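Data from start11.txt: compact mmCIF, C-alpha atoms and all ligand atoms
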# COMPACT_ATOMS: atom_id res chain seq x y z
CA MET A 1 0.00 0.00 0.00
CA THR A 2 1.42 3.40 -0.88
CA ASP A 3 1.38 6.13 1.70
CA ASP A 4 1.10 9.40 -0.22
CA ILE A 5 0.99 11.60 2.87
CA GLN A 6 3.68 14.25 2.69
CA SER A 7 5.83 14.56 5.76
CA ALA A 8 6.05 17.91 7.48
CA ALA A 9 9.33 19.37 8.70
CA ARG A 10 9.87 18.69 12.43
CA VAL A 11 11.43 21.13 14.84
CA GLY A 12 12.18 20.19 18.46
CA ILE A 13 12.06 22.78 21.22
CA GLY A 14 13.83 21.75 24.43
CA GLY A 15 15.36 23.36 27.48
CA PRO A 16 15.12 23.68 31.25
CA VAL A 17 11.82 24.03 33.12
CA GLY A 18 10.42 27.53 32.80
CA SER A 19 12.96 28.82 30.27
CA GLY A 20 10.15 29.90 27.94
CA LYS A 21 9.61 27.04 25.50
CA THR A 22 5.82 27.47 25.44
CA ALA A 23 6.15 31.26 25.35
CA LEU A 24 8.46 30.87 22.35
CA LEU A 25 5.83 28.76 20.59
CA GLU A 26 3.16 31.34 21.41
CA GLY A 27 5.32 33.91 19.64
CA LEU A 28 6.46 31.79 16.70
CA VAL A 29 3.26 30.09 15.58
CA PRO A 30 1.30 33.25 14.64
CA ARG A 31 4.35 34.75 12.91
CA LEU A 32 4.88 31.61 10.81
CA MET A 33 1.19 31.36 9.98
CA GLN A 34 1.28 34.96 8.77
CA GLN A 35 3.81 33.76 6.21
CA GLY A 36 1.37 31.10 5.02
CA ILE A 37 3.16 28.24 6.79
CA GLU A 38 0.84 25.46 8.00
CA VAL A 39 1.82 24.63 11.58
CA ALA A 40 0.91 22.08 14.27
CA VAL A 41 2.34 21.47 17.74
CA VAL A 42 3.04 18.40 19.87
CA THR A 43 3.73 19.10 23.53
CA ASN A 44 5.25 16.69 26.05
CA ASP A 45 4.30 16.75 29.71
CA LEU A 46 4.94 14.15 32.37
CA LEU A 47 1.39 13.34 33.44
CA THR A 48 -0.74 16.23 32.19
CA GLN A 49 -1.66 18.15 29.04
CA GLU A 50 -0.83 21.48 30.64
CA ASP A 51 1.17 23.02 27.81
CA ALA A 52 -1.23 21.73 25.15
CA ASP A 53 -4.20 23.17 27.08
CA ARG A 54 -2.41 26.50 27.45
CA LEU A 55 -1.81 26.68 23.69
CA ARG A 56 -5.44 25.72 22.98
CA ARG A 57 -6.63 28.52 25.27
CA LYS A 58 -4.56 31.01 23.27
CA GLY A 59 -6.72 30.08 20.28
CA PHE A 60 -4.18 30.84 17.55
CA LEU A 61 -4.29 27.28 16.25
CA PRO A 62 -7.34 25.09 15.70
CA SER A 63 -7.53 22.68 18.61
CA GLU A 64 -6.94 19.60 16.44
CA ARG A 65 -3.52 20.97 15.53
CA ILE A 66 -2.31 20.72 19.12
CA VAL A 67 -1.53 17.30 20.56
CA GLY A 68 -0.43 16.74 24.14
CA VAL A 69 1.73 13.67 24.72
CA GLU A 70 1.80 12.43 28.31
CA THR A 71 5.23 10.90 28.56
CA GLY A 72 4.77 9.34 32.00
CA SER A 73 8.56 9.15 32.26
CA CYS A 74 11.69 11.21 32.02
CA PRO A 75 11.40 13.63 29.05
CA HIS A 76 14.70 12.34 27.65
CA THR A 77 13.06 9.04 26.86
CA ALA A 78 10.21 10.53 24.83
CA ILE A 79 12.38 12.77 22.68
CA ARG A 80 15.61 10.80 22.44
CA GLU A 81 15.77 7.16 23.57
CA ASP A 82 12.34 6.02 22.44
CA PRO A 83 10.43 8.74 20.57
CA THR A 84 7.64 6.34 19.48
CA MET A 85 4.83 8.29 21.17
CA ASN A 86 5.96 11.52 19.54
CA LEU A 87 6.42 9.90 16.14
CA LEU A 88 2.88 8.53 16.31
CA ALA A 89 1.52 11.93 17.31
CA VAL A 90 3.25 13.57 14.34
CA GLN A 91 1.98 10.85 11.99
CA ASP A 92 -1.59 11.40 13.20
CA LEU A 93 -1.26 15.14 12.57
CA GLU A 94 0.10 14.54 9.07
CA ARG A 95 -2.85 12.28 8.24
CA LEU A 96 -5.34 14.76 9.63
CA ILE A 97 -3.79 17.83 7.98
CA PRO A 98 -2.19 16.76 4.69
CA GLN A 99 -1.07 20.30 3.87
CA LEU A 100 1.00 20.56 7.05
CA ASP A 101 4.41 22.22 6.53
CA LEU A 102 5.84 22.18 10.02
CA VAL A 103 5.35 20.39 13.35
CA PHE A 104 6.92 21.70 16.53
CA ILE A 105 7.67 19.12 19.21
CA GLU A 106 8.06 20.79 22.57
CA SER A 107 9.86 18.71 25.14
CA GLY A 108 8.85 18.63 28.77
CA GLY A 109 11.08 20.91 30.83
CA ASP A 110 14.39 19.27 31.58
CA ASN A 111 17.97 20.10 32.39
CA LEU A 112 20.90 21.18 30.25
CA ALA A 113 21.44 17.65 28.97
CA SER A 114 18.30 17.28 26.89
CA THR A 115 18.89 16.56 23.22
CA PHE A 116 16.50 15.24 20.55
CA SER A 117 16.83 12.14 18.40
CA TYR A 118 17.24 13.07 14.75
CA ASP A 119 14.87 10.16 14.04
CA LEU A 120 12.21 12.41 15.54
CA VAL A 121 13.20 15.93 14.44
CA ASP A 122 15.02 17.54 11.52
CA THR A 123 16.36 20.28 13.71
CA TYR A 124 16.09 21.39 17.31
CA ILE A 125 16.11 24.59 19.26
CA PHE A 126 17.37 24.76 22.85
CA VAL A 127 15.94 27.52 25.04
CA ILE A 128 17.72 28.82 28.12
CA ASP A 129 16.86 31.91 30.07
CA VAL A 130 18.91 34.76 31.39
CA GLY A 131 17.43 34.23 34.87
CA ALA A 132 19.45 31.03 35.22
CA GLY A 133 22.62 33.16 35.43
CA ASP A 134 25.33 34.32 33.05
CA ASP A 135 27.46 31.24 33.74
CA ILE A 136 24.99 28.85 32.05
CA PRO A 137 26.93 28.72 28.75
CA ARG A 138 30.10 27.72 30.66
CA LYS A 139 28.39 24.52 31.83
CA ASN A 140 28.71 23.05 28.34
CA GLY A 141 25.36 21.19 28.57
CA PRO A 142 24.87 18.88 25.59
CA GLY A 143 21.50 20.49 24.73
CA PHE A 144 23.09 23.92 24.59
CA MET A 145 26.22 22.78 22.75
CA GLN A 146 24.58 20.52 20.16
CA ALA A 147 21.32 22.30 19.34
CA ASP A 148 20.94 23.65 15.82
CA LEU A 149 19.77 26.96 17.28
CA VAL A 150 20.09 28.24 20.84
CA VAL A 151 17.58 30.79 22.06
CA ILE A 152 18.67 32.91 25.02
CA ASN A 153 15.32 34.07 26.34
CA LYS A 154 14.14 36.67 28.88
CA VAL A 155 16.80 39.21 27.95
CA ASP A 156 14.53 41.78 29.63
CA ILE A 157 15.22 40.43 33.12
CA ALA A 158 19.02 40.62 32.92
CA PRO A 159 19.27 43.84 34.98
CA TYR A 160 17.06 42.38 37.72
CA VAL A 161 18.95 39.13 38.20
CA GLY A 162 22.46 40.54 37.97
CA ALA A 163 23.18 38.82 34.65
CA ASP A 164 25.50 40.59 32.25
CA LEU A 165 24.32 40.14 28.65
CA ALA A 166 27.74 41.10 27.32
CA VAL A 167 29.29 38.24 29.32
CA ILE A 168 26.62 35.84 28.09
CA ARG A 169 27.20 36.87 24.47
CA ARG A 170 30.95 36.37 24.86
CA GLU A 171 30.62 32.97 26.53
CA VAL A 172 28.03 31.78 24.03
CA ALA A 173 30.13 32.87 21.04
CA ALA A 174 33.22 31.13 22.47
CA ARG A 175 31.37 27.84 22.93
CA ARG A 176 28.92 27.74 20.03
CA ARG A 177 31.38 29.36 17.59
CA GLU A 178 29.60 29.61 14.22
CA LYS A 179 26.39 27.88 15.38
CA PRO A 180 23.39 30.24 15.48
CA VAL A 181 22.04 31.91 18.60
CA ALA A 182 19.05 34.23 19.00
CA TYR A 183 18.41 36.58 21.94
CA THR A 184 14.72 36.97 22.72
CA ASN A 185 12.10 38.50 24.92
CA CYS A 186 9.03 36.37 24.35
CA LYS A 187 6.89 38.83 26.26
CA THR A 188 7.42 41.59 23.70
CA GLY A 189 8.42 39.53 20.65
CA GLU A 190 11.94 41.00 20.54
CA GLY A 191 14.28 38.68 18.63
CA LEU A 192 11.55 36.32 17.40
CA ASP A 193 12.07 37.39 13.80
CA GLN A 194 15.51 35.82 14.02
CA VAL A 195 14.00 32.50 15.00
CA VAL A 196 11.43 32.75 12.21
CA TYR A 197 14.26 33.49 9.80
CA PHE A 198 16.17 30.42 11.00
CA ILE A 199 13.14 28.15 10.57
CA SER A 200 12.14 29.55 7.18
CA GLU A 201 15.60 29.47 5.66
CA THR A 202 17.24 26.41 7.19
CA VAL A 203 14.29 24.13 7.92
CA LEU A 204 11.70 24.98 5.27
CA PHE A 205 14.19 26.27 2.68
CA GLN A 206 11.96 29.26 1.97
CA THR A 207 12.95 32.87 1.66
CA SER A 208 11.90 34.43 4.94
CA GLN A 209 9.72 37.52 4.86
CA THR A 210 11.58 38.64 7.99
CA ALA A 211 14.96 39.47 6.62
CA VAL A 212 16.62 39.28 10.01
CA LYS A 213 19.55 36.94 10.04
CA VAL A 214 20.41 35.01 13.21
CA ILE A 215 23.65 36.19 14.73
N1 LIG A 301 10.13 38.43 31.59
C1 LIG A 301 9.97 37.43 30.74
N2 LIG A 301 9.23 36.36 31.12
C2 LIG A 301 9.09 35.35 30.23
C3 LIG A 301 9.69 35.36 28.95
N3 LIG A 301 9.39 34.21 28.33
C4 LIG A 301 8.61 33.49 29.17
N4 LIG A 301 8.43 34.18 30.32
C5 LIG A 301 7.68 33.74 31.52
O1 LIG A 301 8.40 32.67 32.10
C6 LIG A 301 7.51 31.72 32.65
C7 LIG A 301 7.79 30.34 32.07
O2 LIG A 301 7.51 30.38 30.67
P1 LIG A 301 7.00 29.09 29.91
O3 LIG A 301 6.80 29.46 28.49
O4 LIG A 301 5.86 28.46 30.63
O5 LIG A 301 8.26 28.14 30.08
P2 LIG A 301 8.42 26.62 29.64
O6 LIG A 301 9.84 26.43 29.29
O7 LIG A 301 7.41 26.27 28.59
O8 LIG A 301 8.05 25.87 30.99
P3 LIG A 301 7.81 24.28 31.25
O9 LIG A 301 6.87 23.82 30.16
O10 LIG A 301 7.21 24.23 32.62
O11 LIG A 301 9.15 23.64 31.18
C8 LIG A 301 6.10 32.21 32.34
O12 LIG A 301 5.63 32.92 33.48
C9 LIG A 301 6.32 33.17 31.18
O13 LIG A 301 5.34 34.19 31.11
C10 LIG A 301 10.49 36.51 28.58
O14 LIG A 301 11.08 36.62 27.51
N5 LIG A 301 10.59 37.50 29.53
Can you dump the structure from the file as structure tokens?
Ligand SMILES: Nc1nc2c(ncn2[C@@H]2O[C@H](COP(=O)(O)OP(=O)(O)OP(=O)(O)O)[C@@H](O)[C@H]2O)c(=O)[nH]1
Amino acid sequence: MTDDIQSAARVGIGGPVGSGKTALLEGLVPRLMQQGIEVAVVTNDLLTQEDADRLRRKGFLPSERIVGVETGSCPHTAIREDPTMNLLAVQDLERLIPQLDLVFIESGGDNLASTFSYDLVDTYIFVIDVGAGDDIPRKNGPGFMQADLVVINKVDIAPYVGADLAVIRREVAARRREKPVAYTNCKTGEGLDQVVYFISETVLFQTSQTAVKVI
């Protein structure tokens, strides 16, 4: 039997608890849809559908385009060691929405070690936040080091938590070298055009309407 369903591009979003993964999605999805990109989201939570429910409440995507996977175990397992549940969720979305261009897979909050299996995603974004301190890049976490794009979020709170953005930029550049990094404030949308640019150009191979290159 032939399966003529086109596969959508898959982008993982991982990072520590509370770094802003869901907030990043809330900012990215409407911007991508404005460019005519057909998007769906799979969220991973331990025993709830909290992130999926939050996205549904926002109302920027039809409810059937948001799937909550309850991993019931360590998030590493569901996105790296055995991504079966996530692969099935993506397959279901592709069957339901044949015109789908892009599926985000948001990992449950984890530590600096979380990485995605490339059997599950084409590319992944690792989100850390300025509130965790300006020494985070020095910890060389595999998620941070290996991700295709790192997003340093909550740049707005740097002055309040004693984090020096200049130090962070220096440390990040020294460790990630040529690999892309975006600095964002998901509350205001600052820096999100860089992430849209990254996704459009390097994942979807389209010319981005936001001509803002990632640094
Ligand atoms: N000031 C500020 N707050 C932010 C920013 N991004 C997210 N937040 C807040 O940070 C908190 C955590 O954001 P979430 O998007 O829930 O983080 P998460 O990584 O999805 O969290 P988990 O799913 O629990 O791992 C929320 O209260 C957000 O409103 C930002 O850029 N600046």
For this session: Using only C-alpha atoms and all ligand atoms, determine which residues fall within 10 Å of ligand LIG 301 (chain A), then list them as a PyMOL selection string.
Result: chain A and resi 13-27+43-45+50-52+54+106-111+127-131+152-158+183-191
So that I can see what lies close to A:Ile168, please list as a short mmCIF file (atom, residue, chain, number, x, y, z; two decimals) with C-alpha atoms, in the frame of the given file the residues with an atom at most 10 Å from it, counting all atoms listed in the file and leaving out residues fewer than 3 positions away in the same chain.
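Output below, filename result.cif:
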data_model
loop_
_atom_site.label_atom_id
_atom_site.label_comp_id
_atom_site.auth_asym_id
_atom_site.auth_seq_id
_atom_site.Cartn_x
_atom_site.Cartn_y
_atom_site.Cartn_z
CA VAL A 130 18.91 34.76 31.39
CA GLY A 133 22.62 33.16 35.43
CA ASP A 134 25.33 34.32 33.05
CA ASP A 135 27.46 31.24 33.74
CA ILE A 136 24.99 28.85 32.05
CA PRO A 137 26.93 28.72 28.75
CA ARG A 138 30.10 27.72 30.66
CA ILE A 152 18.67 32.91 25.02
CA ALA A 163 23.18 38.82 34.65
CA ASP A 164 25.50 40.59 32.25
CA LEU A 165 24.32 40.14 28.65
CA GLU A 171 30.62 32.97 26.53
CA VAL A 172 28.03 31.78 24.03
CA ALA A 173 30.13 32.87 21.04
CA ALA A 174 33.22 31.13 22.47
#
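Considering all atoms listed in the file, the residue among A:Arg170, A:Arg65, A:Arg31, A:His76 positioned nearest to A:Val90 is A:Arg65.
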For this session: For atom CA of A:Val203 and atom CA of A:Asp92, determine how far apart the two atoms are, in Å to one decimal place.
Result: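 Straight-line distance from atom CA of A:Val203 to atom CA of A:Asp92 works out to 21.0 Å.
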Exercise. Using only C-alpha atoms, which of the listed residues (A:Lys139, A:Leu112, A:Ile125, A:Ala166) sits closest to A:Ala182?
Worked result: A:Ile125
Problem set entry | For atom CA of A:Tyr197 and atom CA of A:Val29, the interatomic separation in Å (one decimal) |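 Spanning atom CA of A:Tyr197 to atom CA of A:Val29 is a straight-line distance of 12.9 Å.
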For this session: Go through A:Gln49, A:Thr71, A:Thr115, A:Thr202 one by one, measure the shortest atom-to-atom distance of each to A:Gly12 using all atoms listed in the file, and give the residue with the smallest value.
Result: A:Thr115
For this session: Show me as a list in words the residues that reach within 7 Å of (-5.0, 16.3, 14.6), counting all atoms listed in the file and using the file's own coordinates.
Result: Glu64, Arg65, Ile66, Val67, Asp92, Leu93, Leu96 and Ile97 of chain A
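Between A:Glu70 and the residues A:Val121, A:Val41, A:Met85, A:Val167, the shortest atom-to-atom distance, using all atoms listed in the file, involves A:Met85.
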For this session: Within 7 Å of A:Val196, counting only C-alpha atoms, which residues show up once you throw out same-chain ones fewer than 4 positions away? Write them as a list in words, please.
Result: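 Once the nearby chain positions are removed, what remains is Leu28, Leu32, Leu192 and Ser200 of chain A.
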Using C-alpha atoms, can you export the residues from the last selection as a PDB file, keeping the file's coordinate frame?
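Produced file again.pdb, reproduced below:
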ATOM      1  CA  LEU A  28       6.460  31.790  16.700  1.00  0.00           C
ATOM      2  CA  LEU A  32       4.880  31.610  10.810  1.00  0.00           C
ATOM      3  CA  LEU A 192      11.550  36.320  17.400  1.00  0.00           C
ATOM      4  CA  SER A 200      12.140  29.550   7.180  1.00  0.00           C
TER       5      SER A 200
END
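Reported to one decimal place, the separation of atom CA of A:Val150 from atom CA of A:Lys179 is 8.3 Å.
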Problem set entry | A:Gln99 surroundings by only C-alpha atoms, 12 Å radius, close-in-sequence under 4 positions cut, as a PyMOL selection string | chain A and resi 4-9+36-40+65+93-95+103
Exercise. Nearest to A:Thr48: which of A:Val69, A:Leu100, A:Ala147, A:Leu88 is it, counting only C-alpha atoms?
Worked result: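 Of A:Val69, A:Leu100, A:Ala147, A:Leu88, the one nearest A:Thr48, counting only C-alpha atoms, is A:Val69.
Closest approach to A:Gln194 among A:Val151, A:Gln206, A:Val161, A:Ser114 is made by A:Val151 (distances from only C-alpha atoms).
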